[in-house]
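Asker: Okay, handing you the structure first.
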Amino acid sequence: MKFFIASICLQISLFSYSQETLSGKIQNYNNGEPLAYVNIGIKNKSVGTVSNKDGIFKLILNDNITTKDTVVFSFVGFKIEKFLISELKKIKEPILLQAQDLELDEVVVNSNKVKLKSKKIGRTSKGLGLMHANFYTYYEKDVDDRLSKERGMKFKMRRNCHIEDLNFNITSNDFKSLKFRVNFYKIEDGLPTDLIVHENIIFEITNNSLGWFKVDLEPYDIFFNEEVEEIAVTIQWIESVKTNKDSKYFSISTASSPLHTSFFREKAMDNWAKDGQNLSFYLNAMCE
């Protein structure tokens, strides 16, 4: 009897902690081309990823997921697609996303560049290098678990500004190559919500680069007018190549600050969290 009970407990334990992976490919409905770096996730369940450069994805499910949960496929410039887990398991063909026309938010876009002055928005100091915001957590065994993870800052605007570039200070980097996406969000009730810049802004960090890194945003003609009081700007992990099999670390310098807000989430579609951190993370802008 004791052996029988122990066997049942073992089976339950294995069932609870086993992981299932859903895989597939995402393509453009209009031309069949693969779609790279599409956000894929289940809302508020810490399950998410992005497709790779060939449109292929692997979505690792955790033990909180049921067949009735909905997987969301979201990509700038395309209509959102949703599938129940039970449906997605049966699909053998590529997931097709349809392009859509995006209407620019009149509050966000402004072409007025008269009397602009150079301004830095955010923390331009590296500090003493004593604190670091890491893109990993203790339970992550595989670097691919970080796909779709985001980290960034809240910035106060309240003026007409043309955004020139994003800058951040890298304090550790174990990767030959890292690709991130820059995202700009509205803030509602203190947390990021909808995207307000509808551009797929991808940049790459190569050769274990350390120190200040600049992302050129001039090609995207990003303007905010004075009606925009605050925004969230994040970088989202979408691809990586390790320097060696033990590569793990990538971090940005930071400092504790009750006057500033750092945002982060572990997966696409996950809940946002915030803390009183002030990342070495700033925008160069030309503002009135």
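Going by the structure tokens order, chains are called A, B, ..., each with residues numbered from 1, while ligands are numbered from 1 in the order shown.
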Listing only residues of segment 143-252 of chain A within 12 Å of segment 89-103 of chain A, what is the closest atom pair and its distance in Å (to one decimal) for each, using only C-alpha atoms, sorted by chain and residue number ascending, as JSON lines?

Answerer:
```
{"residue": "A:Leu195", "atom": "CA", "partner": "A:Leu102", "partner_atom": "CA", "distance": 11.7}
{"residue": "A:Ile196", "atom": "CA", "partner": "A:Glu103", "partner_atom": "CA", "distance": 10.8}
{"residue": "A:Val197", "atom": "CA", "partner": "A:Leu102", "partner_atom": "CA", "distance": 10.6}
{"residue": "A:His198", "atom": "CA", "partner": "A:Leu102", "partner_atom": "CA", "distance": 7.8}
{"residue": "A:Glu199", "atom": "CA", "partner": "A:Leu102", "partner_atom": "CA", "distance": 10.4}
```

Asker: Which residue gives the smallest distance to Lys154 of chain A among A:Lys119, A:His260, A:Lys179, A:Lys214, with only C-alpha atoms counted?

Answerer: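 Answer, going by the shortest atom-to-atom distance: A:His260.
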
Asker: With distances taken over only C-alpha atoms, which of A:Ser23, A:Asn271, A:Asn208, A:Ser280 is nearest to Lys45 of chain A?

Answerer: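 That would be A:Asn271, the residue with the smallest distance to Lys45 of chain A.
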
Asker: Enumerate, as an MDAnalysis selection string, the complete set of residues in segment 65-98 of chain A that a backbone-based DSSP assignment places in strand (DSSP E or B).

Answerer: chainID A and resid 70:74 78 81:84 95:97

Asker: Restricting the calculation to only C-alpha atoms: of A:Asn160, A:Thr243, A:Asn134, A:Thr206, which residue gets closest to Ser118 of chain A?

Answerer: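 Among the listed residues, A:Asn160 lies closest to Ser118 of chain A.
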
Asker: Would you mind telling me which residue in A:Phe180, A:Ile187, A:Ile202, A:Arg265 lies nearest to Tyr220 of chain A when using only C-alpha atoms?

Answerer: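 Counting only C-alpha atoms, the residue closest to Tyr220 of chain A is A:Ile202.
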
Asker: Would you work out the distance separating atom CA of Asp63 of chain A from atom CA of Ser240 of chain A, expressed in Å to one decimal?

Answerer: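 These two atoms are separated by 26.4 Å.
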
Asker: Hey, which of A:Lys176, A:Lys186, A:Lys141, A:Lys267 ends up closest to Ile231 of chain A? Count only C-alpha atoms.

Answerer: A:Lys186

Asker: Please list as a VMD selection string every residue within 12 Å of Phe175 of chain A, counting only C-alpha atoms and excluding residues in the same chain fewer than 5 positions away.

Answerer: chain A and resid 143 170 204 to 210 239 to 251

Asker: For segment 66-68 of chain A, find every residue with an atom within 9 Å (counting only C-alpha atoms), except residues of its own chain fewer than 6 positions away, and show them as JSON, numbers by chain.

Answerer: {"A": [84, 85, 86, 87]}

Asker: Could you tell me how far atom CA of Ile163 of chain A sits from atom CA of Glu288 of chain A, in Å to one decimal place?

Answerer: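 It comes out at 12.0 Å.
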
Asker: With distances taken over only C-alpha atoms, which of A:Val72, A:Ile42, A:Ala255, A:Leu147 is nearest to Leu128 of chain A?

Answerer: A:Ala255

Asker: Hey, what does DSSP flag as alpha helix (DSSP H) within segment 59-199 of chain A? Can you give it to me as a list in words?

Answerer: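 Everything in segment 59-199 of chain A that counts as alpha helix (DSSP H) is Ile85, Ser86, Glu87 and Leu88 of chain A.
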